[in-house]
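Asks: Following this message is one structure expressed as structure tokens.
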Amino acid sequence: MRKKVFVTRKIPEEGIQILSEHFDVEIFPKKRPISKEEILVGAKGCDGLLPLLTDTIDAEIMDETGVKAIANMAVGYDNIDIKAATERKLPVCNTPGVLTDATADLTFALILSVSRRIVEADKYLREGKFVGWDPMLCLGGDFKEKTLGIIGFGRIGNAVARRALGFGINILYHSRVRYKNEEKELGVKYASLDELLERSDYVSIHTPHTSDTHHLIGENELKKMKPTSYLINTSRGKIIDEDKLVSALKDGEIAGAGLDVYYNEPAVHPGLIELPNVILLPHIGSASLGTRTKMATMAASNLKDALLGKIPKNIVNPEIYQ
Ligand code: DGY
């Protein structure tokens with residue numbers, strides 16, 4: 001009998017094709033994130049589960065549905081209780097690498113847009129306020145010889161650094177480990193978190209959300225940033241204490257922020273919505289057609305391998321196979 005898999009949302013067809021060749025595939029049909037109750041019903045009796053970063057996969061879902069493998073369609077997997085999965089010897093997979101460039105591109109779009117006030121300027125023009133070139137209109141931040149501080153120097157942080165080099169900006173990074181080769185190759189310099197915050201004109205977050213990085217950027221950290229600096233986050237909302245960010249933006253402790261992710265996604269802090277010096281995007285870091293297709297095929301291949309008894313390439317808890 002063919003195994004059954006449950007996909008929690010419509011994903012690019014190429015991913016579904018990989019699954020359909022081997023398994024019976026059920027897809028949650030609604031155009032909104034699935035609820036926990038709906039996962040419990042939909043995945044009940046299925047062998048494999050392909051969730052999204054919007055789906056919290058906890059021990060109850062693992063036990064009640066009886067799934068044997070989980071392949072998240074995201075590089076981040078803070079939506080899945082990895083400890084519970086490992087205890088149950090359930091393989092959990094993610095989609096690293098394929099979204100690096102798209103996310104680094106969007107990070108740069110945010111850096112440029114927030115500092116050069118692109119959204120504000122577009123609105124100004126559409127409102128009919130553009131009456132002629134004005135030497136004082138929409139003055140924003142500079143790049144050349146300024147400093148970009150990258151927190152988390154994995155694949156995406158590294159790709160952001162490579163893009164930044166073209167702008168003639170100096171680069172600091174903070175990470176759990178030193179990247180000596182990149183220091184030589186790219187000229188990036190390691191800094192403590194405090195030093196990075198104090199010296200950077202742009203601070204961009206590229207670390208995963210874990211218990212160690214939860215609220216990594218709070219009141220004290222925001223106070224260390226320059227009043228002319230910008231904070232960019234395309235990683236996970238819970239890395240920033242959002243209440244404190246709103247206060248820092250309102251009080252002029254920092255100049256602006258570009259955000260793609262939020263503390264209580266999809267809810268956005270009402271204080272952020274009101275502020276003109278913030279650009280708010282609906283978690284679209286990886287949203288290019290090519291990237292989402294690769295994420296879907298990678299997640300599907302991971303699930304296929306796990307269910308066919310192979311060790312999937314992108315396993316996040318390989319210890320279950322020891
Ligand atoms: C991920 O894969 O974790 C990203 O946040 C999706 O854009």
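Quick note on naming: the chains in the structure tokens go A, B, ... in the order shown, residues restart at 1 in each chain, and ligands are numbered from 1 in order of appearance.
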Could the residues that lie within 6 Å of ligand 1, counting only C-alpha atoms and all ligand atoms, be listed as number ranges by chain?
Replies: A: 74-76, 284-286
Asks: Grab the residues selected above and save them as a PDB file, in the first residue's frame with all heavy atoms.
Replies:
ATOM      1  N   ALA A  74      11.187  25.305   4.841  1.00  0.00           N
ATOM      2  CA  ALA A  74      11.843  26.520   5.342  1.00  0.00           C
ATOM      3  C   ALA A  74      13.218  26.122   5.824  1.00  0.00           C
ATOM      4  O   ALA A  74      13.427  24.960   6.197  1.00  0.00           O
ATOM      5  CB  ALA A  74      11.056  27.117   6.512  1.00  0.00           C
ATOM      6  N   VAL A  75      14.107  27.099   5.846  1.00  0.00           N
ATOM      7  CA  VAL A  75      15.418  26.794   6.440  1.00  0.00           C
ATOM      8  C   VAL A  75      15.317  26.860   7.961  1.00  0.00           C
ATOM      9  O   VAL A  75      15.912  26.052   8.664  1.00  0.00           O
ATOM     10  CB  VAL A  75      16.535  27.720   5.876  1.00  0.00           C
ATOM     11  CG1 VAL A  75      16.340  29.165   6.249  1.00  0.00           C
ATOM     12  CG2 VAL A  75      17.905  27.254   6.340  1.00  0.00           C
ATOM     13  N   GLY A  76      14.520  27.827   8.465  1.00  0.00           N
ATOM     14  CA  GLY A  76      14.307  27.923   9.917  1.00  0.00           C
ATOM     15  C   GLY A  76      13.360  26.821  10.360  1.00  0.00           C
ATOM     16  O   GLY A  76      12.439  26.465   9.624  1.00  0.00           O
ATOM     17  N   ILE A 284       8.571  37.932   3.130  1.00  0.00           N
ATOM     18  CA  ILE A 284       8.768  37.536   1.728  1.00  0.00           C
ATOM     19  C   ILE A 284      10.248  37.343   1.374  1.00  0.00           C
ATOM     20  O   ILE A 284      10.620  37.388   0.203  1.00  0.00           O
ATOM     21  CB  ILE A 284       8.118  38.549   0.745  1.00  0.00           C
ATOM     22  CG1 ILE A 284       8.631  39.976   1.009  1.00  0.00           C
ATOM     23  CG2 ILE A 284       6.604  38.482   0.817  1.00  0.00           C
ATOM     24  CD1 ILE A 284       8.283  40.975  -0.088  1.00  0.00           C
ATOM     25  N   GLY A 285      11.086  37.127   2.380  1.00  0.00           N
ATOM     26  CA  GLY A 285      12.520  36.987   2.135  1.00  0.00           C
ATOM     27  C   GLY A 285      12.851  35.995   1.029  1.00  0.00           C
ATOM     28  O   GLY A 285      13.710  36.235   0.180  1.00  0.00           O
ATOM     29  N   SER A 286      12.177  34.867   1.038  1.00  0.00           N
ATOM     30  CA  SER A 286      12.498  33.813   0.053  1.00  0.00           C
ATOM     31  C   SER A 286      11.507  33.797  -1.112  1.00  0.00           C
ATOM     32  O   SER A 286      11.491  32.848  -1.896  1.00  0.00           O
ATOM     33  CB  SER A 286      12.482  32.448   0.743  1.00  0.00           C
ATOM     34  OG  SER A 286      11.199  32.184   1.271  1.00  0.00           O
TER      35      SER A 286
END
Asks: Please provide as a list in words all residues within 7 Å of A:Thr228, with the sequence filter that same-chain residues fewer than 4 positions apart are discarded (counting only C-alpha atoms).
Replies: Asp201, Ile254 and Ala255 of chain A
Asks: Counting only C-alpha atoms, what are the residues of stretch 252-300 of chain A within 12 Å of stretch 211-221 of chain A, and for each of them which pair of atoms is the nearest and at what distance in Å, to one decimal? Sort the table by chain and rising number, as CSV.
Replies:
residue,atom,partner,partner_atom,distance
A:Glu253,CA,A:Glu219,CA,10.2
A:Ile254,CA,A:Glu221,CA,11.0
A:Tyr262,CA,A:His215,CA,12.0
A:Tyr263,CA,A:His215,CA,9.7
Asks: Save out the residues we just selected, all heavy atoms, as an mmCIF file, in the first residue's frame.
Replies:
data_model
loop_
_atom_site.group_PDB
_atom_site.id
_atom_site.type_symbol
_atom_site.label_atom_id
_atom_site.label_comp_id
_atom_site.auth_asym_id
_atom_site.auth_seq_id
_atom_site.Cartn_x
_atom_site.Cartn_y
_atom_site.Cartn_z
ATOM 1 N N GLU A 253 15.946 56.784 19.156
ATOM 2 C CA GLU A 253 17.201 56.104 19.553
ATOM 3 C C GLU A 253 17.879 55.479 18.343
ATOM 4 O O GLU A 253 19.094 55.286 18.331
ATOM 5 C CB GLU A 253 16.910 55.020 20.589
ATOM 6 C CG GLU A 253 16.760 55.578 21.973
ATOM 7 C CD GLU A 253 16.234 54.566 22.955
ATOM 8 O OE1 GLU A 253 16.300 53.355 22.685
ATOM 9 O OE2 GLU A 253 15.730 55.011 23.999
ATOM 10 N N ILE A 254 17.075 55.093 17.346
ATOM 11 C CA ILE A 254 17.625 54.666 16.059
ATOM 12 C C ILE A 254 16.825 55.376 14.962
ATOM 13 O O ILE A 254 15.713 55.862 15.215
ATOM 14 C CB ILE A 254 17.615 53.122 15.867
ATOM 15 C CG1 ILE A 254 16.192 52.563 15.818
ATOM 16 C CG2 ILE A 254 18.419 52.427 16.950
ATOM 17 C CD1 ILE A 254 16.163 51.063 15.445
ATOM 18 N N TYR A 262 8.087 39.191 12.272
ATOM 19 C CA TYR A 262 7.460 39.828 13.425
ATOM 20 C C TYR A 262 7.371 38.863 14.604
ATOM 21 O O TYR A 262 7.376 37.637 14.418
ATOM 22 C CB TYR A 262 6.054 40.335 13.024
ATOM 23 C CG TYR A 262 6.212 41.211 11.818
ATOM 24 C CD1 TYR A 262 6.113 40.661 10.531
ATOM 25 C CD2 TYR A 262 6.620 42.524 11.948
ATOM 26 C CE1 TYR A 262 6.382 41.433 9.412
ATOM 27 C CE2 TYR A 262 6.885 43.305 10.838
ATOM 28 C CZ TYR A 262 6.770 42.751 9.575
ATOM 29 O OH TYR A 262 7.064 43.502 8.482
ATOM 30 N N TYR A 263 7.225 39.456 15.770
ATOM 31 C CA TYR A 263 7.200 38.661 17.002
ATOM 32 C C TYR A 263 6.033 37.677 17.005
ATOM 33 O O TYR A 263 6.196 36.512 17.315
ATOM 34 C CB TYR A 263 7.093 39.617 18.201
ATOM 35 C CG TYR A 263 7.503 38.958 19.477
ATOM 36 C CD1 TYR A 263 8.826 39.008 19.896
ATOM 37 C CD2 TYR A 263 6.590 38.259 20.248
ATOM 38 C CE1 TYR A 263 9.227 38.388 21.054
ATOM 39 C CE2 TYR A 263 6.983 37.627 21.410
ATOM 40 C CZ TYR A 263 8.302 37.701 21.804
ATOM 41 O OH TYR A 263 8.701 37.065 22.946
#
Asks: What parts of stretch 156-316 of chain A does DSSP call strand (DSSP E)? I'd like the answer as a PyMOL selection string.
Replies: chain A and resi 170-174+189-190+202-205+230-233+256-259+278-280
Asks: How would the residues just picked look written out with N, CA and C atoms as a short mmCIF file (atom, residue, chain, number, x, y, z; two decimals), in the first residue's frame?
Replies:
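Dumped everything to selection.cif:
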data_model
loop_
_atom_site.label_atom_id
_atom_site.label_comp_id
_atom_site.auth_asym_id
_atom_site.auth_seq_id
_atom_site.Cartn_x
_atom_site.Cartn_y
_atom_site.Cartn_z
N ASN A 170 32.00 49.29 5.04
CA ASN A 170 32.82 48.43 5.90
C ASN A 170 31.91 47.42 6.58
N ILE A 171 32.44 46.23 6.80
CA ILE A 171 31.55 45.19 7.35
C ILE A 171 32.11 44.62 8.65
N LEU A 172 31.27 44.65 9.68
CA LEU A 172 31.57 43.96 10.94
C LEU A 172 30.62 42.77 11.01
N TYR A 173 31.05 41.71 11.67
CA TYR A 173 30.10 40.62 11.90
C TYR A 173 30.24 40.12 13.32
N HIS A 174 29.14 39.59 13.82
CA HIS A 174 29.18 38.93 15.12
C HIS A 174 28.54 37.57 14.95
N LYS A 189 35.26 42.14 9.47
CA LYS A 189 35.95 42.10 10.77
C LYS A 189 35.01 41.59 11.85
N TYR A 190 35.53 40.72 12.70
CA TYR A 190 34.72 40.21 13.81
C TYR A 190 34.59 41.30 14.88
N TYR A 202 24.25 50.36 9.91
CA TYR A 202 23.17 49.44 9.54
C TYR A 202 23.44 48.15 10.31
N VAL A 203 22.42 47.62 10.96
CA VAL A 203 22.58 46.34 11.68
C VAL A 203 21.59 45.37 11.07
N SER A 204 22.09 44.24 10.59
CA SER A 204 21.20 43.29 9.92
C SER A 204 21.29 41.92 10.62
N ILE A 205 20.13 41.36 10.92
CA ILE A 205 20.08 40.12 11.73
C ILE A 205 19.95 38.89 10.83
N TYR A 230 20.17 52.09 11.36
CA TYR A 230 18.96 51.37 10.93
C TYR A 230 19.09 49.90 11.33
N LEU A 231 17.96 49.30 11.71
CA LEU A 231 17.95 47.88 12.09
C LEU A 231 17.13 47.11 11.05
N ILE A 232 17.71 46.03 10.54
CA ILE A 232 17.05 45.24 9.50
C ILE A 232 16.88 43.82 10.03
N ASN A 233 15.70 43.24 9.86
CA ASN A 233 15.51 41.85 10.30
C ASN A 233 14.75 41.05 9.25
N GLY A 256 15.66 54.15 11.93
CA GLY A 256 14.61 53.44 11.20
C GLY A 256 14.82 51.94 11.26
N ALA A 257 13.84 51.21 10.71
CA ALA A 257 13.96 49.75 10.70
C ALA A 257 13.31 49.22 9.43
N GLY A 258 13.86 48.10 8.97
CA GLY A 258 13.27 47.39 7.82
C GLY A 258 13.00 45.97 8.28
N LEU A 259 11.74 45.59 8.32
CA LEU A 259 11.38 44.30 8.92
C LEU A 259 10.61 43.43 7.94
N VAL A 278 9.70 53.07 9.29
CA VAL A 278 9.82 51.61 9.28
C VAL A 278 9.22 51.08 7.99
N ILE A 279 9.91 50.12 7.39
CA ILE A 279 9.32 49.43 6.24
C ILE A 279 8.92 48.04 6.72
N LEU A 280 7.68 47.67 6.43
CA LEU A 280 7.14 46.41 6.93
C LEU A 280 6.77 45.51 5.75
#
